[in-house]
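Asks: Sharing data-v8.cif, mmCIF, C-alpha atoms:
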data_upload
loop_
_atom_site.label_atom_id
_atom_site.label_comp_id
_atom_site.auth_asym_id
_atom_site.auth_seq_id
_atom_site.Cartn_x
_atom_site.Cartn_y
_atom_site.Cartn_z
CA MET A 1 -53.40 107.65 -27.68
CA LYS A 2 -51.89 105.93 -30.69
CA SER A 3 -51.38 102.18 -30.94
CA ALA A 4 -47.70 102.34 -29.90
CA GLU A 5 -48.74 103.87 -26.57
CA LEU A 6 -51.52 101.31 -26.10
CA TYR A 7 -49.09 98.44 -26.70
CA ARG A 8 -46.51 100.01 -24.38
CA LEU A 9 -49.07 100.27 -21.56
CA LEU A 10 -50.40 96.75 -22.07
CA ARG A 11 -46.83 95.36 -22.24
CA SER A 12 -45.97 97.12 -18.99
CA ASP A 13 -49.15 95.98 -17.21
CA LEU A 14 -49.37 92.41 -18.53
CA GLY A 15 -45.79 91.45 -19.46
CA PRO A 16 -44.65 90.56 -15.93
CA TRP A 17 -47.61 88.21 -15.44
CA PHE A 18 -46.88 86.37 -18.69
CA ARG A 19 -43.12 86.17 -18.08
CA GLU A 20 -43.63 84.79 -14.56
CA ARG A 21 -45.63 81.93 -16.10
CA GLY A 22 -43.06 81.03 -18.72
CA PHE A 23 -44.59 82.83 -21.69
CA LYS A 24 -42.35 84.36 -24.33
CA ALA A 25 -42.96 87.39 -26.53
CA VAL A 26 -44.45 86.64 -29.94
CA PRO A 27 -41.98 87.69 -32.63
CA ARG A 28 -44.34 88.63 -35.50
CA THR A 29 -46.94 90.77 -33.80
CA GLN A 30 -47.05 94.14 -32.08
CA LEU A 31 -47.91 92.52 -28.77
CA GLY A 32 -48.47 88.94 -27.74
CA TRP A 33 -47.14 86.08 -25.65
CA HIS A 34 -46.95 82.35 -26.24
CA ARG A 35 -46.20 79.20 -24.28
CA ASP A 36 -46.28 75.78 -25.86
CA ARG A 37 -49.16 75.95 -28.36
CA LEU A 38 -51.09 78.73 -26.63
CA LEU A 39 -50.82 82.23 -28.10
CA ILE A 40 -52.49 85.32 -26.63
CA TRP A 41 -52.10 88.43 -28.75
CA PHE A 42 -53.51 91.93 -29.01
CA GLN A 43 -54.83 93.72 -32.07
CA CYS A 44 -55.71 97.39 -32.42
CA ASP A 45 -58.99 98.26 -34.07
CA LYS A 46 -58.45 98.95 -37.78
CA SER A 47 -60.26 102.29 -37.46
CA GLY A 48 -57.36 103.74 -35.49
CA TRP A 49 -57.46 106.64 -33.06
CA ASN A 50 -60.26 109.21 -33.02
CA ARG A 51 -59.76 112.38 -30.98
CA TYR A 52 -63.34 112.18 -29.66
CA ALA A 53 -64.15 108.45 -29.52
CA GLY A 54 -60.69 107.09 -28.67
CA SER A 55 -60.05 103.62 -30.03
CA SER A 56 -60.30 99.96 -29.11
CA PHE A 57 -58.41 96.71 -29.21
CA PHE A 58 -59.11 92.99 -29.42
CA VAL A 59 -57.67 90.16 -27.36
CA ASN A 60 -57.10 87.07 -29.51
CA ILE A 61 -56.48 83.59 -28.16
CA GLN A 62 -55.30 80.77 -30.37
CA THR A 63 -53.62 77.40 -30.36
CA SER A 64 -51.02 76.76 -32.99
CA ALA A 65 -47.76 74.93 -33.52
CA ALA A 66 -46.18 78.20 -34.67
CA PRO A 67 -46.28 81.31 -32.47
CA GLU A 68 -47.67 83.50 -35.25
CA PRO A 69 -51.03 85.31 -35.34
CA TRP A 70 -53.60 83.66 -37.61
CA SER A 71 -51.52 80.46 -37.90
CA GLY A 72 -54.19 78.42 -36.11
CA PRO A 73 -57.76 78.64 -34.83
CA VAL A 74 -58.34 82.08 -33.29
CA GLU A 75 -61.03 83.03 -30.79
CA ARG A 76 -61.76 86.43 -29.29
CA LEU A 77 -61.54 86.94 -25.55
CA GLN A 78 -65.31 86.97 -24.97
CA ARG A 79 -65.57 83.35 -26.16
CA PHE A 80 -63.92 82.35 -22.85
CA LEU A 81 -65.93 84.59 -20.51
CA SER A 82 -68.81 83.66 -18.24
CA ASP A 83 -72.01 85.71 -18.32
CA ALA A 84 -70.85 87.52 -15.17
CA GLU A 85 -67.48 88.35 -16.78
CA LEU A 86 -69.21 89.51 -19.95
CA GLU A 87 -71.31 91.82 -17.79
CA GLN A 88 -68.15 93.10 -16.09
CA MET A 89 -66.71 93.75 -19.54
CA ARG A 90 -69.81 95.69 -20.55
CA ALA A 91 -69.62 97.77 -17.34
CA LEU A 92 -65.98 98.65 -18.09
CA GLN A 93 -66.90 99.50 -21.68
CA ASN A 94 -69.69 101.79 -20.46
CA GLU A 95 -67.32 103.47 -18.02
CA VAL A 96 -65.05 104.41 -20.92
CA ILE A 97 -68.05 105.65 -22.95
CA ARG A 98 -69.42 107.69 -20.03
CA ASN A 99 -66.13 109.57 -19.80
CA LEU A 100 -66.10 110.55 -23.47
CA LEU A 101 -67.10 114.06 -24.43
CA PRO A 102 -69.53 114.12 -27.34
CA PRO A 103 -68.01 115.43 -30.55
CA PRO A 104 -68.69 119.10 -31.32
CA ARG A 105 -71.45 119.97 -33.75
CA GLU A 106 -68.94 121.06 -36.42
CA TYR A 107 -67.31 117.63 -36.35
CA VAL A 108 -70.65 115.86 -36.64
CA GLU A 109 -71.52 118.07 -39.64
CA GLN A 110 -68.17 117.25 -41.27
CA MET A 111 -68.86 113.55 -40.78
CA ARG A 112 -72.41 113.93 -42.11
CA ASP A 113 -70.98 115.59 -45.26
CA ALA A 114 -68.31 112.90 -45.66
CA PHE A 115 -70.77 110.03 -45.11
CA SER A 116 -73.34 111.55 -47.49
CA LYS A 117 -71.17 110.35 -50.38
CA TYR A 118 -72.12 106.77 -49.55
CA ARG A 119 -75.40 105.00 -50.12
CA ASP A 120 -75.54 103.97 -46.45
CA GLY A 121 -74.18 107.29 -45.17
CA ALA A 122 -77.05 107.87 -42.73
CA ALA A 123 -76.42 104.47 -41.12
CA MET A 124 -72.69 105.23 -40.95
CA LEU A 125 -73.37 108.48 -39.11
CA GLU A 126 -75.82 106.76 -36.78
CA ALA A 127 -73.23 104.07 -35.98
CA MET A 128 -70.55 106.69 -35.30
CA LEU A 129 -72.82 108.62 -32.93
CA GLY A 130 -73.97 105.36 -31.34
CA GLY A 131 -70.40 104.87 -30.17
CA PHE A 132 -71.02 107.63 -27.63
CA GLN A 133 -74.02 105.83 -26.11
CA PRO A 134 -73.77 103.21 -23.36
CA VAL A 135 -74.02 99.57 -24.38
CA SER A 136 -77.51 98.59 -23.24
CA THR A 137 -77.72 94.94 -24.25
CA PRO A 138 -75.63 92.24 -22.58
CA TYR A 139 -72.62 90.94 -24.47
CA ARG A 140 -72.61 87.33 -25.65
CA GLN A 141 -69.71 84.95 -26.22
CA GLN A 142 -70.33 84.85 -29.98
CA GLN A 143 -70.32 88.65 -30.31
CA ASP A 144 -67.20 90.36 -31.67
CA VAL A 145 -66.39 93.01 -29.07
CA SER A 146 -63.41 95.32 -28.97
CA LEU A 147 -62.25 96.88 -25.71
CA ARG A 148 -62.60 100.67 -25.91
CA TYR A 149 -60.13 103.12 -24.42
CA PHE A 150 -59.48 106.83 -24.42
CA SER A 151 -56.95 107.36 -21.64
CA PRO A 152 -54.12 105.45 -19.98
CA SER A 153 -56.41 104.82 -17.00
CA ASP A 154 -58.86 103.03 -19.34
CA VAL A 155 -56.05 100.74 -20.51
CA GLN A 156 -55.04 100.10 -16.90
CA ARG A 157 -58.62 99.10 -15.99
CA TRP A 158 -58.69 96.69 -18.93
CA SER A 159 -55.33 95.26 -17.82
CA THR A 160 -56.69 94.67 -14.32
CA PHE A 161 -59.74 92.93 -15.79
CA LEU A 162 -57.57 90.76 -18.04
CA LEU A 163 -55.24 89.79 -15.20
CA GLY A 164 -58.30 88.58 -13.33
CA ILE A 165 -59.37 86.22 -16.11
CA PHE A 166 -56.13 85.15 -17.80
CA PRO A 167 -55.26 82.60 -15.08
CA ARG A 168 -58.44 80.64 -15.81
CA ILE A 169 -58.06 80.95 -19.59
CA VAL A 170 -54.47 79.71 -19.42
CA THR A 171 -55.43 76.86 -17.08
CA ASP A 172 -58.35 75.87 -19.32
CA SER A 173 -56.32 76.03 -22.53
CA PRO A 174 -56.09 72.97 -24.79
CA ASP A 175 -52.46 72.48 -23.77
CA ASN A 176 -53.73 71.81 -20.26
CA GLY A 177 -56.22 69.18 -21.42
CA ASN A 178 -59.16 71.42 -22.35
CA ALA A 179 -60.32 71.44 -25.95
CA ALA A 180 -61.90 74.91 -25.76
CA LEU A 181 -60.27 76.13 -28.98
#
Can I see the file as structure tokens?

Replies:
Amino acid sequence: MKSAELYRLLRSDLGPWFRERGFKAVPRTQLGWHRDRLLIWFQCDKSGWNRYAGSSFFVNIQTSAAPEPWSGPVERLQRFLSDAELEQMRALQNEVIRNLLPPPREYVEQMRDAFSKYRDGAAMLEAMLGGFQPVSTPYRQQQDVSLRYFSPSDVQRWSTFLLGIFPRIVTDSPDNGNAAL
């Protein structure tokens, strides 16, 4: 699923919630909403789509006078999550990973050959293959975590998770008297 499809699904799932609360679409990003100084926007992983591993996206939250990504302090979603919500996030991540089929041997060999051109090629291959293993250590607020997906149902599960936490994040935003950012 390419980024355009991801953004379409997220827009469909999350857009009504944002519009009902007076948020407007962000003009200079693929997908985001803003109200007053609060901007919540989505960013696809720079690695793009992989036919075996899928892809991932980030949820960015910032305060800024201008509704433009990177125009003010930016925090990732996990900065606003409780330990219980971080654990929920890890469980969803592991559900996506559990549903992935491991890449075929030929693909792994192709990657091994490609990575062998680099000094840290063995570590690159290990990291790629590690993406097919469940996340065993708890996430922390300071950790940079992208939300993995492979299918539309993965994106829908992430949307449901986000809709469960966005009300608190919006309520706790600096524009509502909280200096979290």

Asks: Using the chain letters and numbering of this document, enumerate as a PyMOL selection string the residues selected by the PyMOL selection byres ((chain A and resi 39) around 6).

Replies: chain A and resi 33-34+38+40+61-62

Asks: How would you write, as a PDB file with C-alpha atoms, in the coordinates of the input, the residues chosen by the PyMOL selection byres ((chain A and resi 83-85) around 9) on this structure?

Replies:
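What landed in part-v8.pdb:
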ATOM      1  CA  GLN A  78     -65.310  86.970 -24.970  1.00  0.00           C
ATOM      2  CA  LEU A  81     -65.930  84.590 -20.510  1.00  0.00           C
ATOM      3  CA  SER A  82     -68.810  83.660 -18.240  1.00  0.00           C
ATOM      4  CA  LEU A  86     -69.210  89.510 -19.950  1.00  0.00           C
ATOM      5  CA  GLU A  87     -71.310  91.820 -17.790  1.00  0.00           C
ATOM      6  CA  GLN A  88     -68.150  93.100 -16.090  1.00  0.00           C
ATOM      7  CA  MET A  89     -66.710  93.750 -19.540  1.00  0.00           C
ATOM      8  CA  ARG A  90     -69.810  95.690 -20.550  1.00  0.00           C
ATOM      9  CA  PRO A 138     -75.630  92.240 -22.580  1.00  0.00           C
ATOM     10  CA  TYR A 139     -72.620  90.940 -24.470  1.00  0.00           C
ATOM     11  CA  ARG A 140     -72.610  87.330 -25.650  1.00  0.00           C
ATOM     12  CA  GLN A 141     -69.710  84.950 -26.220  1.00  0.00           C
ATOM     13  CA  ILE A 165     -59.370  86.220 -16.110  1.00  0.00           C
TER      14      ILE A 165
END

Asks: Find the residues around A:Leu100 up to 7 Å (only C-alpha atoms counted), leave out those fewer than 2 positions away in its own chain, and share them as a list in words.

Replies: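 Using only C-alpha atoms, the neighbours found are Tyr52, Ala53, Val96, Ile97, Arg98 and Pro102 of chain A.
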
Asks: Just how far from atom CA of A:Cys44 is atom CA of A:Lys117, in Å to one decimal?

Replies: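 Straight-line distance from atom CA of A:Lys117 to atom CA of A:Cys44 works out to 27.0 Å.
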
Asks: Please tell me which residues are no farther than 10 Å from (-50.6, 96.8, -20.9) in the file, counting all atoms listed in the file, and write them as a list in words.

Replies: Glu5, Leu6, Tyr7, Arg8, Leu9, Leu10, Arg11, Ser12, Asp13, Leu14, Gly15, Pro16, Leu31, Phe42, Pro152, Val155, Gln156, Arg157, Trp158, Ser159, Thr160 and Leu162 of chain A

Asks: Mind pulling up the distance from atom CA of A:Phe57 to atom CA of A:Gln43?

Replies: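 Between atom CA of A:Gln43 and atom CA of A:Phe57 the gap is 5.5 Å.
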